[in-house]
file query_7.cif (mmCIF, C-alpha atoms)
data_coords
#
loop_
_atom_site.label_atom_id
_atom_site.label_comp_id
_atom_site.auth_asym_id
_atom_site.auth_seq_id
_atom_site.Cartn_x
_atom_site.Cartn_y
_atom_site.Cartn_z
CA MET H 1 4.69 -5.86 -34.73
CA LYS H 2 2.54 -6.18 -31.63
CA TYR H 3 2.65 -9.30 -29.51
CA PRO H 4 0.72 -10.27 -26.38
CA ASN H 5 2.46 -10.02 -23.02
CA GLU H 6 1.15 -13.43 -22.08
CA VAL H 7 0.13 -16.54 -23.99
CA ILE H 8 -1.84 -19.58 -22.85
CA ILE H 9 -0.59 -22.90 -24.18
CA ALA H 10 -2.91 -25.90 -24.00
CA GLU H 11 -1.16 -29.28 -23.80
CA VAL H 12 -3.00 -31.60 -26.19
CA GLY H 13 -0.41 -34.39 -26.19
CA PRO H 14 -2.49 -36.82 -24.09
CA ARG H 15 -5.21 -36.72 -26.76
CA ASP H 16 -3.96 -35.49 -30.14
CA GLY H 17 -0.40 -36.57 -29.45
CA LEU H 18 -1.04 -40.17 -28.39
CA GLN H 19 -4.07 -41.06 -30.53
CA ASN H 20 -1.98 -42.18 -33.51
CA GLU H 21 0.79 -43.98 -31.61
CA LYS H 22 1.30 -47.69 -32.25
CA THR H 23 2.44 -48.09 -28.66
CA ILE H 24 -0.62 -47.64 -26.45
CA LEU H 25 0.45 -46.29 -23.09
CA PRO H 26 -1.18 -47.63 -19.92
CA PRO H 27 -3.55 -45.21 -18.15
CA GLU H 28 -1.09 -44.85 -15.25
CA ALA H 29 1.60 -43.52 -17.61
CA LYS H 30 -0.82 -41.08 -19.25
CA ALA H 31 -2.05 -39.77 -15.89
CA LYS H 32 1.55 -39.31 -14.74
CA LEU H 33 2.36 -37.24 -17.85
CA ILE H 34 -0.71 -35.08 -17.23
CA ASP H 35 0.26 -34.51 -13.60
CA GLN H 36 3.77 -33.60 -14.72
CA ALA H 37 2.31 -31.11 -17.22
CA ILE H 38 0.20 -29.56 -14.44
CA GLU H 39 3.30 -29.30 -12.24
CA ALA H 40 5.18 -27.65 -15.12
CA GLY H 41 2.52 -24.92 -15.24
CA PHE H 42 0.11 -25.92 -18.01
CA LYS H 43 -3.32 -24.55 -17.09
CA VAL H 44 -5.25 -26.23 -19.93
CA ILE H 45 -4.80 -29.90 -20.87
CA GLU H 46 -6.73 -32.04 -23.35
CA ILE H 47 -6.58 -35.40 -21.61
CA GLY H 48 -8.30 -37.64 -24.16
CA SER H 49 -11.45 -38.34 -26.10
CA MET H 50 -14.70 -40.08 -25.23
CA VAL H 51 -14.80 -42.25 -28.33
CA HIS H 52 -15.72 -45.87 -28.89
CA SER H 53 -12.77 -48.19 -28.27
CA LYS H 54 -12.91 -49.42 -31.88
CA ALA H 55 -12.64 -45.90 -33.27
CA ILE H 56 -9.40 -44.87 -31.53
CA PRO H 57 -8.12 -47.70 -29.29
CA ALA H 58 -5.35 -45.52 -27.85
CA LEU H 59 -7.95 -43.27 -26.20
CA ALA H 60 -10.40 -45.92 -24.98
CA ASP H 61 -9.20 -45.51 -21.38
CA THR H 62 -9.78 -41.74 -21.04
CA ALA H 63 -12.26 -42.10 -18.15
CA GLU H 64 -9.78 -44.26 -16.24
CA VAL H 65 -6.96 -41.79 -16.96
CA PHE H 66 -9.07 -38.96 -15.53
CA LYS H 67 -9.63 -40.89 -12.30
CA LEU H 68 -5.89 -41.39 -11.86
CA ILE H 69 -4.92 -37.71 -12.23
CA LYS H 70 -3.88 -36.39 -8.82
CA ASN H 71 -4.11 -32.63 -9.38
CA LYS H 72 -7.45 -32.35 -11.19
CA ASP H 73 -8.32 -29.03 -9.54
CA LYS H 74 -5.12 -27.26 -10.65
CA ALA H 75 -5.82 -27.14 -14.39
CA GLU H 76 -8.67 -27.09 -16.89
CA LEU H 77 -9.01 -30.68 -18.10
CA ARG H 78 -11.05 -31.17 -21.24
CA VAL H 79 -11.97 -34.09 -23.49
CA LEU H 80 -13.07 -34.38 -27.09
CA VAL H 81 -16.57 -35.78 -27.56
CA PRO H 82 -17.82 -36.89 -31.02
CA ASN H 83 -21.50 -37.35 -30.20
CA LEU H 84 -24.18 -37.66 -27.51
CA LYS H 85 -22.83 -40.96 -26.17
CA GLY H 86 -19.41 -39.38 -25.78
CA THR H 87 -20.98 -36.52 -23.85
CA GLU H 88 -22.75 -39.00 -21.60
CA ARG H 89 -19.44 -40.79 -20.95
CA ALA H 90 -17.77 -37.49 -20.04
CA ILE H 91 -20.54 -36.65 -17.57
CA ALA H 92 -20.39 -40.12 -16.01
CA ALA H 93 -16.60 -39.77 -15.60
CA GLY H 94 -16.96 -36.45 -13.78
CA ILE H 95 -15.19 -34.39 -16.44
CA LYS H 96 -16.09 -30.70 -16.44
CA LYS H 97 -15.30 -29.58 -20.00
CA VAL H 98 -15.93 -31.09 -23.44
CA LYS H 99 -14.94 -30.06 -26.94
CA LEU H 100 -17.05 -30.61 -30.06
CA THR H 101 -15.22 -30.86 -33.38
CA VAL H 102 -16.39 -30.36 -36.93
CA SER H 103 -14.45 -29.78 -40.13
CA ALA H 104 -14.78 -26.74 -42.37
CA SER H 105 -14.18 -29.17 -45.24
CA GLU H 106 -17.11 -31.37 -46.23
CA SER H 107 -14.82 -34.11 -47.60
CA HIS H 108 -12.72 -34.27 -44.44
CA ASN H 109 -15.78 -34.19 -42.23
CA ILE H 110 -17.35 -37.11 -44.06
CA SER H 111 -14.07 -39.04 -43.79
CA ASN H 112 -13.88 -38.25 -40.07
CA PHE H 113 -17.52 -38.43 -38.92
CA ASN H 114 -19.36 -39.94 -41.91
CA ARG H 115 -21.53 -36.80 -41.97
CA THR H 116 -21.54 -33.42 -43.64
CA PRO H 117 -20.50 -30.42 -41.50
CA LYS H 118 -24.13 -29.27 -41.39
CA GLN H 119 -25.35 -32.67 -40.16
CA THR H 120 -22.58 -32.77 -37.56
CA VAL H 121 -23.40 -29.34 -36.12
CA GLU H 122 -27.11 -30.19 -36.04
CA GLY H 123 -26.24 -33.29 -34.01
CA PHE H 124 -24.27 -31.17 -31.55
CA LYS H 125 -27.42 -29.54 -30.13
CA GLU H 126 -28.22 -32.62 -28.05
CA CYS H 127 -24.60 -32.77 -26.87
CA TYR H 128 -24.51 -29.09 -25.94
CA ASP H 129 -27.87 -29.17 -24.15
CA LEU H 130 -26.97 -32.28 -22.14
CA ALA H 131 -23.56 -30.88 -21.19
CA HIS H 132 -25.05 -27.51 -20.23
CA GLU H 133 -27.75 -29.14 -18.11
CA ASN H 134 -25.06 -31.04 -16.20
CA GLY H 135 -22.84 -28.01 -15.61
CA LEU H 136 -20.13 -28.81 -18.17
CA GLU H 137 -18.35 -26.15 -20.19
CA VAL H 138 -18.45 -26.65 -23.96
CA SER H 139 -15.99 -25.45 -26.58
CA GLY H 140 -15.86 -26.02 -30.32
CA ALA H 141 -13.11 -26.77 -32.81
CA ILE H 142 -13.05 -26.32 -36.58
CA ALA H 143 -10.67 -28.74 -38.31
CA THR H 144 -9.01 -28.02 -41.69
CA SER H 145 -9.42 -24.26 -41.15
CA PHE H 146 -6.18 -23.61 -43.02
CA GLY H 147 -6.43 -26.21 -45.77
CA CYS H 148 -7.84 -29.65 -46.57
CA PRO H 149 -5.96 -32.60 -48.12
CA PHE H 150 -9.05 -33.42 -50.20
CA GLU H 151 -10.36 -29.98 -51.15
CA GLY H 152 -7.29 -27.74 -51.00
CA GLU H 153 -7.83 -24.16 -49.84
CA ILE H 154 -10.57 -23.41 -47.31
CA SER H 155 -12.26 -20.03 -47.51
CA ILE H 156 -13.16 -17.69 -44.66
CA GLU H 157 -16.79 -18.17 -45.70
CA GLN H 158 -16.59 -21.94 -45.14
CA ILE H 159 -15.12 -21.44 -41.68
CA GLU H 160 -17.59 -18.68 -40.84
CA GLN H 161 -20.58 -20.92 -41.51
CA VAL H 162 -19.36 -23.26 -38.78
CA VAL H 163 -18.47 -20.38 -36.44
CA LYS H 164 -22.03 -19.04 -36.73
CA ALA H 165 -23.46 -22.51 -36.15
CA PHE H 166 -21.40 -22.90 -32.96
CA ILE H 167 -22.50 -19.46 -31.77
CA ASP H 168 -26.14 -20.40 -32.42
CA LEU H 169 -25.62 -23.40 -30.12
CA GLY H 170 -24.34 -21.12 -27.39
CA ILE H 171 -20.64 -21.87 -27.70
CA ARG H 172 -18.28 -18.97 -26.97
CA GLU H 173 -14.90 -20.71 -27.22
CA ILE H 174 -13.73 -21.91 -30.64
CA SER H 175 -10.51 -23.40 -31.98
CA LEU H 176 -9.28 -22.90 -35.54
CA SER H 177 -7.22 -25.97 -36.42
CA ASP H 178 -4.57 -26.51 -39.08
CA THR H 179 -5.21 -30.24 -39.21
CA THR H 180 -2.62 -31.14 -41.85
CA GLY H 181 -0.16 -28.27 -41.50
CA MET H 182 -1.14 -26.61 -44.77
CA GLY H 183 -1.39 -23.06 -43.43
CA ASN H 184 1.13 -20.30 -44.12
CA PRO H 185 1.79 -17.09 -42.13
CA LYS H 186 0.04 -14.75 -44.57
CA GLU H 187 -3.11 -16.88 -44.65
CA VAL H 188 -3.00 -17.36 -40.88
CA TYR H 189 -2.73 -13.62 -40.28
CA THR H 190 -5.62 -12.83 -42.64
CA LYS H 191 -7.98 -15.42 -41.18
CA CYS H 192 -7.08 -14.80 -37.54
CA GLN H 193 -7.42 -11.04 -37.95
CA TYR H 194 -10.82 -11.47 -39.59
CA PHE H 195 -12.26 -13.67 -36.86
CA LYS H 196 -10.65 -11.73 -34.01
CA GLU H 197 -12.10 -8.45 -35.30
CA ASN H 198 -15.54 -9.73 -36.33
CA TYR H 199 -16.18 -12.03 -33.37
CA PRO H 200 -14.55 -10.30 -30.36
CA GLU H 201 -16.92 -12.08 -27.97
CA ILE H 202 -15.32 -15.45 -28.82
CA ILE H 203 -12.37 -16.96 -26.96
CA TRP H 204 -10.17 -18.10 -29.83
CA ASN H 205 -7.76 -21.05 -29.65
CA ILE H 206 -5.37 -21.82 -32.51
CA HIS H 207 -4.12 -25.33 -33.26
CA PHE H 208 -1.17 -25.84 -35.63
CA HIS H 209 0.49 -28.96 -36.95
CA ASN H 210 4.14 -28.75 -37.94
CA THR H 211 3.78 -30.99 -40.99
CA ARG H 212 5.79 -28.66 -43.24
CA GLY H 213 7.82 -26.85 -40.61
CA MET H 214 5.70 -23.68 -40.55
CA ALA H 215 3.92 -23.98 -37.20
CA LEU H 216 6.12 -21.57 -35.21
CA ALA H 217 5.99 -18.99 -38.00
CA ASN H 218 2.21 -19.41 -38.09
CA ILE H 219 2.00 -18.85 -34.32
CA VAL H 220 3.92 -15.58 -34.71
CA ALA H 221 1.54 -14.51 -37.50
CA ALA H 222 -1.48 -15.40 -35.35
CA MET H 223 -0.10 -13.37 -32.44
CA GLU H 224 0.37 -10.38 -34.75
CA ALA H 225 -3.34 -10.76 -35.57
CA GLY H 226 -4.23 -10.62 -31.87
CA MET H 227 -4.43 -14.30 -30.93
CA SER H 228 -2.95 -15.46 -27.61
CA ARG H 229 -4.08 -19.06 -27.03
CA PHE H 230 -2.36 -21.98 -28.76
CA ASP H 231 -2.26 -25.78 -28.61
CA GLY H 232 0.93 -27.81 -28.43
CA ALA H 233 1.81 -31.47 -27.88
CA PHE H 234 4.72 -32.82 -25.90
CA GLY H 235 7.50 -33.93 -28.21
CA GLY H 236 5.53 -32.78 -31.25
CA LEU H 237 3.57 -36.03 -31.32
CA GLY H 238 0.26 -36.48 -33.06
CA GLY H 239 -1.71 -36.32 -36.24
CA CYS H 240 -5.21 -36.88 -37.53
CA PRO H 241 -6.08 -40.54 -38.28
CA TYR H 242 -8.50 -39.40 -41.00
CA ALA H 243 -6.28 -36.95 -42.91
CA PRO H 244 -3.46 -38.12 -45.19
CA GLY H 245 -0.08 -36.63 -44.36
CA ALA H 246 -1.17 -35.15 -41.03
CA SER H 247 2.05 -35.49 -39.09
CA GLY H 248 2.58 -34.22 -35.58
CA ASN H 249 1.52 -31.15 -33.71
CA VAL H 250 3.97 -28.39 -32.98
CA ALA H 251 5.97 -29.34 -29.86
CA SER H 252 4.82 -27.58 -26.70
CA GLU H 253 8.41 -27.13 -25.53
CA ASP H 254 9.35 -25.48 -28.85
CA ILE H 255 6.50 -22.97 -28.52
CA ILE H 256 7.46 -22.18 -24.93
CA HIS H 257 11.12 -21.71 -25.86
CA MET H 258 10.29 -19.34 -28.73
CA LEU H 259 7.88 -17.27 -26.65
CA HIS H 260 10.27 -17.00 -23.72
CA ARG H 261 13.05 -15.84 -26.09
CA MET H 262 10.60 -13.19 -27.32
CA GLY H 263 9.91 -12.04 -23.75
CA ILE H 264 6.36 -13.40 -23.76
CA ASN H 265 5.19 -15.06 -20.54
CA THR H 266 3.58 -18.51 -20.59
CA GLY H 267 3.65 -19.39 -16.89
CA ILE H 268 5.23 -22.73 -17.84
CA ASP H 269 8.60 -24.06 -16.71
CA LEU H 270 10.51 -24.78 -19.93
CA ASP H 271 12.95 -27.21 -18.34
CA LYS H 272 10.12 -29.29 -16.89
CA SER H 273 8.38 -29.25 -20.27
CA ILE H 274 11.55 -30.55 -21.93
CA GLU H 275 11.82 -33.33 -19.35
CA ILE H 276 8.24 -34.39 -20.16
CA ALA H 277 9.13 -34.57 -23.87
CA LYS H 278 12.17 -36.72 -23.03
CA GLU H 279 9.98 -39.12 -21.06
CA VAL H 280 7.41 -39.24 -23.87
CA LYS H 281 10.16 -40.12 -26.35
CA MET H 282 11.20 -43.01 -24.15
CA LEU H 283 7.61 -44.22 -23.66
CA VAL H 284 6.66 -44.26 -27.35
CA GLY H 285 9.98 -45.82 -28.33
CA HIS H 286 10.91 -43.60 -31.28
CA ASP H 287 12.36 -40.19 -32.11
CA VAL H 288 10.08 -37.17 -31.74
CA ASP H 289 9.77 -33.89 -33.63
CA SER H 290 11.13 -31.56 -30.96
CA TYR H 291 13.78 -28.95 -31.64
CA MET H 292 14.43 -28.68 -27.91
CA LEU H 293 15.41 -32.34 -27.72
CA LYS H 294 17.57 -32.09 -30.85
CA ALA H 295 19.30 -28.75 -30.40
CA GLY H 296 18.59 -27.63 -26.83
CA LYS H 297 17.82 -24.16 -25.55
CA VAL H 298 19.52 -21.04 -26.90
CA SER H 299 20.28 -20.03 -23.34
CA ASP H 300 22.47 -23.13 -22.98
CA LEU H 301 24.77 -21.67 -25.63
CA ILE H 302 24.92 -18.18 -24.20
CA LYS H 303 27.37 -18.12 -21.37
CA GLU H 304 28.27 -15.10 -19.33
CA LYS H 305 31.60 -13.79 -20.52
CA PRO H 306 34.19 -13.52 -17.76
CA LYS H 307 35.12 -10.00 -16.84
CA LYS H 308 38.44 -8.89 -18.19
CA GLN H 309 40.99 -8.84 -15.43
CA ILE H 310 43.31 -5.86 -15.23
CA LYS H 311 46.75 -6.50 -13.86
CA ILE H 312 48.01 -3.77 -11.50
CA CYS H 313 51.74 -3.27 -11.46
CA ASN H 314 53.10 -2.07 -8.12
CA ALA H 315 56.07 0.19 -8.69
#
call {"tool": "encode", "arguments": {"input": "query_7.cif", "output": "structure tokens"}}
result
Amino acid sequence: MKYPNEVIIAEVGPRDGLQNEKTILPPEAKAKLIDQAIEAGFKVIEIGSMVHSKAIPALADTAEVFKLIKNKDKAELRVLVPNLKGTERAIAAGIKKVKLTVSASESHNISNFNRTPKQTVEGFKECYDLAHENGLEVSGAIATSFGCPFEGEISIEQIEQVVKAFIDLGIREISLSDTTGMGNPKEVYTKCQYFKENYPEIIWNIHFHNTRGMALANIVAAMEAGMSRFDGAFGGLGGCPYAPGASGNVASEDIIHMLHRMGINTGIDLDKSIEIAKEVKMLVGHDVDSYMLKAGKVSDLIKEKPKKQIKICNA
């Protein structure tokens, strides 16, 4: 087993974690969480999405949230954009990186965007060109890469068609997303190894949901295949509004804890990450899917054993 010495964890809680919450947090609270994540050591944060307010009301204030973030220059802050208008909103807000998302599954893509994957990617050319002209970085994401609730298994060929389309646009950073937590370690290893070996020029990000409790195992499998960049959400919040059964993301603090126990560096302060998850739990007003909040760190259970004292008898 070969693992990377260092892993980059992107905090996607402000976008993918909060988009499904019934309690809509005020922009001040979101900005505070993002600043806390930056202080904890997260170098990549997905702060929201430039969508119409009717589509996802919880993310309608993303531009305002961005303005309120104090430490913008200390982390890569990206937003999801669904179309040209979203790209225009990101530019107007002063955001420097956008992410374009399409599904490998035609059924899921139609449910999400009301278009086929091919039509969606074709529409991305205007988005990419406009972003590029205005100096924004652009990444891509492929939803349902490890299974679709409507179509079942997703083949490497289906994913590869989208990968090639993104590359044709000029995109060199792509995320493979397990939108409904259907992936398993064997499948994850096979797919990650294939894309890592056949597209070494691409910066790969991997996004797992913990719907069936396999996200951490899938991260280990992906690392064995050479991947070293993963998404997590504080408290394990989140889910896709357009995919049945898509419960939360894997908790950022759980990923950090596992990697640190394995001797893999993340550059993130675990204790600060746990404190963020505690605050998120309080803000959303319900329990969250975080092993760190339920069981605590392993290191809290391992205490240094006192040295055995030897009594010396003076004759």
call {"tool": "resolve_selection", "arguments": {"input": "query_7.cif", "expression": "the PyMOL selection byres ((chain H and resi 202) around 8)", "output": "count of residues only"}}
result
9
call {"tool": "atom_distance", "arguments": {"input": "query_7.cif", "atom1": "atom CA of H:Lys99", "atom2": "atom CA of H:Val81"}}
result
6.0 Å
call {"tool": "atom_distance", "arguments": {"input": "query_7.cif", "atom1": "atom CA of H:Pro4", "atom2": "atom CA of H:Ser228"}}
result
6.5 Å
call {"tool": "closest_residue", "arguments": {"input": "query_7.cif", "among": "H:Asn218, H:Thr87, H:Thr23, H:Thr190", "to": "H:Val138", "atoms": "all atoms listed in the file"}}
result
H:Thr87
call {"tool": "closest_residue", "arguments": {"input": "query_7.cif", "among": "H:Glu39, H:Asp289, H:Glu106, H:Glu88", "to": "H:Gly213", "atoms": "all atoms listed in the file"}}
result
H:Asp289
call {"tool": "closest_residue", "arguments": {"input": "query_7.cif", "among": "H:Glu126, H:Asp178, H:Glu6, H:Glu11", "to": "H:Ser145", "atoms": "all atoms listed in the file"}}
result
H:Asp178
call {"tool": "atom_distance", "arguments": {"input": "query_7.cif", "atom1": "atom CA of H:Lys297", "atom2": "atom CA of H:His209"}}
result
21.3 Å
call {"tool": "closest_residue", "arguments": {"input": "query_7.cif", "among": "H:Leu100, H:Met227, H:Leu283, H:Leu77", "to": "H:Val51", "atoms": "all atoms listed in the file"}}
result
H:Leu100
call {"tool": "closest_residue", "arguments": {"input": "query_7.cif", "among": "H:Gly226, H:Gly181, H:Pro27, H:Gly285", "to": "H:Asn249", "atoms": "all atoms listed in the file"}}
result
H:Gly181
call {"tool": "residues_around", "arguments": {"input": "query_7.cif", "residues": "H:Pro57", "least_positions_apart": "4", "cutoff": "12 Å", "atoms": "all atoms listed in the file", "output": "count of residues only"}}
result
19
call {"tool": "residues_around", "arguments": {"input": "query_7.cif", "residues": "H:Lys118", "least_positions_apart": "5", "cutoff": "10 Å", "atoms": "all atoms listed in the file", "output": "tab-separated table (two decimals) with C-alpha atoms, in the frame of the given file"}}
result
chain	number	residue	atom	x	y	z
H	102	VAL	CA	-16.39	-30.36	-36.93
H	103	SER	CA	-14.45	-29.78	-40.13
H	104	ALA	CA	-14.78	-26.74	-42.37
H	106	GLU	CA	-17.11	-31.37	-46.23
H	109	ASN	CA	-15.78	-34.19	-42.23
H	123	GLY	CA	-26.24	-33.29	-34.01
H	161	GLN	CA	-20.58	-20.92	-41.51
H	162	VAL	CA	-19.36	-23.26	-38.78
H	165	ALA	CA	-23.46	-22.51	-36.15
call {"tool": "resolve_selection", "arguments": {"input": "query_7.cif", "expression": "the PyMOL selection byres ((chain H and resi 238) around 6)", "output": "compact mmCIF listing (two decimals) with C-alpha atoms, keeping the file's coordinate frame"}}
result
# COMPACT_ATOMS: atom_id res chain seq x y z
CA ASP H 16 -3.96 -35.49 -30.14
CA GLY H 17 -0.40 -36.57 -29.45
CA LEU H 237 3.57 -36.03 -31.32
CA GLY H 239 -1.71 -36.32 -36.24
CA GLY H 248 2.58 -34.22 -35.58
CA ASN H 249 1.52 -31.15 -33.71
call {"tool": "resolve_selection", "arguments": {"input": "query_7.cif", "expression": "the PyMOL selection byres ((chain H and resi 183) around 10)", "output": "list in words"}}
result
Thr144, Ser145, Phe146, Gly147, Cys148, Glu153, Ile154, Ser177, Asp178, Thr179, Thr180, Gly181, Met182, Asn184, Pro185, Lys186, Glu187, Val188, Phe208, His209, Asn210, Thr211, Arg212, Met214, Ala215 and Asn218 of chain H
call {"tool": "residues_around", "arguments": {"input": "query_7.cif", "residues": "H:Ala277", "least_positions_apart": "3", "cutoff": "10 Å", "atoms": "all atoms listed in the file", "output": "ChimeraX atom specification"}}
result
/H:13,33,233-237,251-253,271-274,280-283,288-290,292-293
call {"tool": "residues_around", "arguments": {"input": "query_7.cif", "residues": "H:Ile268", "least_positions_apart": "5", "cutoff": "12 Å", "atoms": "only C-alpha atoms", "output": "ChimeraX atom specification"}}
result
/H:6-11,36-44,252-253,255-257,259-260,273-274
call {"tool": "closest_residue", "arguments": {"input": "query_7.cif", "among": "H:Val79, H:Cys127, H:Leu176, H:Leu216", "to": "H:Lys96", "atoms": "only C-alpha atoms"}}
result
H:Val79
call {"tool": "residues_around", "arguments": {"input": "query_7.cif", "residues": "H:Ser107", "least_positions_apart": "5", "cutoff": "12 Å", "atoms": "all atoms listed in the file", "output": "PDB file with C-alpha atoms, in the coordinates of the input"}}
result
ATOM      1  CA  VAL H 102     -16.390 -30.360 -36.930  1.00  0.00           C
ATOM      2  CA  ASN H 112     -13.880 -38.250 -40.070  1.00  0.00           C
ATOM      3  CA  PHE H 113     -17.520 -38.430 -38.920  1.00  0.00           C
ATOM      4  CA  ASN H 114     -19.360 -39.940 -41.910  1.00  0.00           C
ATOM      5  CA  ARG H 115     -21.530 -36.800 -41.970  1.00  0.00           C
ATOM      6  CA  THR H 116     -21.540 -33.420 -43.640  1.00  0.00           C
ATOM      7  CA  PRO H 117     -20.500 -30.420 -41.500  1.00  0.00           C
ATOM      8  CA  ALA H 143     -10.670 -28.740 -38.310  1.00  0.00           C
ATOM      9  CA  THR H 144      -9.010 -28.020 -41.690  1.00  0.00           C
ATOM     10  CA  GLY H 147      -6.430 -26.210 -45.770  1.00  0.00           C
ATOM     11  CA  CYS H 148      -7.840 -29.650 -46.570  1.00  0.00           C
ATOM     12  CA  PRO H 149      -5.960 -32.600 -48.120  1.00  0.00           C
ATOM     13  CA  PHE H 150      -9.050 -33.420 -50.200  1.00  0.00           C
ATOM     14  CA  GLU H 151     -10.360 -29.980 -51.150  1.00  0.00           C
ATOM     15  CA  GLY H 152      -7.290 -27.740 -51.000  1.00  0.00           C
ATOM     16  CA  ILE H 154     -10.570 -23.410 -47.310  1.00  0.00           C
ATOM     17  CA  TYR H 242      -8.500 -39.400 -41.000  1.00  0.00           C
ATOM     18  CA  ALA H 243      -6.280 -36.950 -42.910  1.00  0.00           C
TER      19      ALA H 243
END
call {"tool": "decode", "arguments": {"input": "query_7.cif", "residues": "stretch 43-57 of chain H", "atoms": "N, CA, C and O atoms", "output": "mmCIF file, in the first residue's frame"}}
result
data_model
loop_
_atom_site.group_PDB
_atom_site.id
_atom_site.type_symbol
_atom_site.label_atom_id
_atom_site.label_comp_id
_atom_site.auth_asym_id
_atom_site.auth_seq_id
_atom_site.Cartn_x
_atom_site.Cartn_y
_atom_site.Cartn_z
ATOM 1 N N LYS H 43 -6.938 25.263 2.649
ATOM 2 C CA LYS H 43 -6.410 26.100 1.571
ATOM 3 C C LYS H 43 -7.352 26.201 0.378
ATOM 4 O O LYS H 43 -7.148 27.009 -0.523
ATOM 5 N N VAL H 44 -8.382 25.355 0.355
ATOM 6 C CA VAL H 44 -9.376 25.377 -0.723
ATOM 7 C C VAL H 44 -10.762 25.303 -0.082
ATOM 8 O O VAL H 44 -11.029 24.398 0.713
ATOM 9 N N ILE H 45 -11.626 26.261 -0.412
ATOM 10 C CA ILE H 45 -12.974 26.298 0.166
ATOM 11 C C ILE H 45 -13.985 26.633 -0.919
ATOM 12 O O ILE H 45 -13.812 27.592 -1.667
ATOM 13 N N GLU H 46 -15.041 25.834 -0.996
ATOM 14 C CA GLU H 46 -16.140 26.097 -1.933
ATOM 15 C C GLU H 46 -17.188 26.895 -1.170
ATOM 16 O O GLU H 46 -17.899 26.351 -0.323
ATOM 17 N N ILE H 47 -17.262 28.193 -1.453
ATOM 18 C CA ILE H 47 -18.034 29.094 -0.589
ATOM 19 C C ILE H 47 -19.513 29.189 -0.953
ATOM 20 O O ILE H 47 -20.307 29.721 -0.177
ATOM 21 N N GLY H 48 -19.915 28.708 -2.116
ATOM 22 C CA GLY H 48 -21.321 28.807 -2.495
ATOM 23 C C GLY H 48 -21.527 28.529 -3.963
ATOM 24 O O GLY H 48 -20.680 27.924 -4.627
ATOM 25 N N SER H 49 -22.649 28.981 -4.464
ATOM 26 C CA SER H 49 -22.996 28.750 -5.863
ATOM 27 C C SER H 49 -23.721 29.970 -6.414
ATOM 28 O O SER H 49 -24.568 30.565 -5.736
ATOM 29 N N MET H 50 -23.391 30.341 -7.629
ATOM 30 C CA MET H 50 -24.034 31.478 -8.287
ATOM 31 C C MET H 50 -25.263 30.997 -9.054
ATOM 32 O O MET H 50 -25.279 30.944 -10.278
ATOM 33 N N VAL H 51 -26.289 30.635 -8.276
ATOM 34 C CA VAL H 51 -27.534 30.135 -8.859
ATOM 35 C C VAL H 51 -28.650 31.141 -8.614
ATOM 36 O O VAL H 51 -28.533 32.022 -7.766
ATOM 37 N N HIS H 52 -29.741 30.965 -9.345
ATOM 38 C CA HIS H 52 -30.906 31.824 -9.137
ATOM 39 C C HIS H 52 -31.486 31.531 -7.757
ATOM 40 O O HIS H 52 -31.488 30.381 -7.297
ATOM 41 N N SER H 53 -31.982 32.552 -7.095
ATOM 42 C CA SER H 53 -32.487 32.407 -5.733
ATOM 43 C C SER H 53 -33.613 31.378 -5.627
ATOM 44 O O SER H 53 -33.790 30.747 -4.587
ATOM 45 N N LYS H 54 -34.373 31.192 -6.705
ATOM 46 C CA LYS H 54 -35.467 30.218 -6.678
ATOM 47 C C LYS H 54 -34.948 28.787 -6.777
ATOM 48 O O LYS H 54 -35.609 27.853 -6.317
ATOM 49 N N ALA H 55 -33.784 28.615 -7.375
ATOM 50 C CA ALA H 55 -33.238 27.270 -7.558
ATOM 51 C C ALA H 55 -32.765 26.695 -6.225
ATOM 52 O O ALA H 55 -33.175 25.595 -5.829
ATOM 53 N N ILE H 56 -31.888 27.408 -5.541
ATOM 54 C CA ILE H 56 -31.390 26.975 -4.230
ATOM 55 C C ILE H 56 -31.366 28.203 -3.324
ATOM 56 O O ILE H 56 -30.363 28.917 -3.258
ATOM 57 N N PRO H 57 -32.460 28.475 -2.626
ATOM 58 C CA PRO H 57 -32.554 29.692 -1.794
ATOM 59 C C PRO H 57 -31.429 29.828 -0.778
ATOM 60 O O PRO H 57 -31.002 30.942 -0.468
#
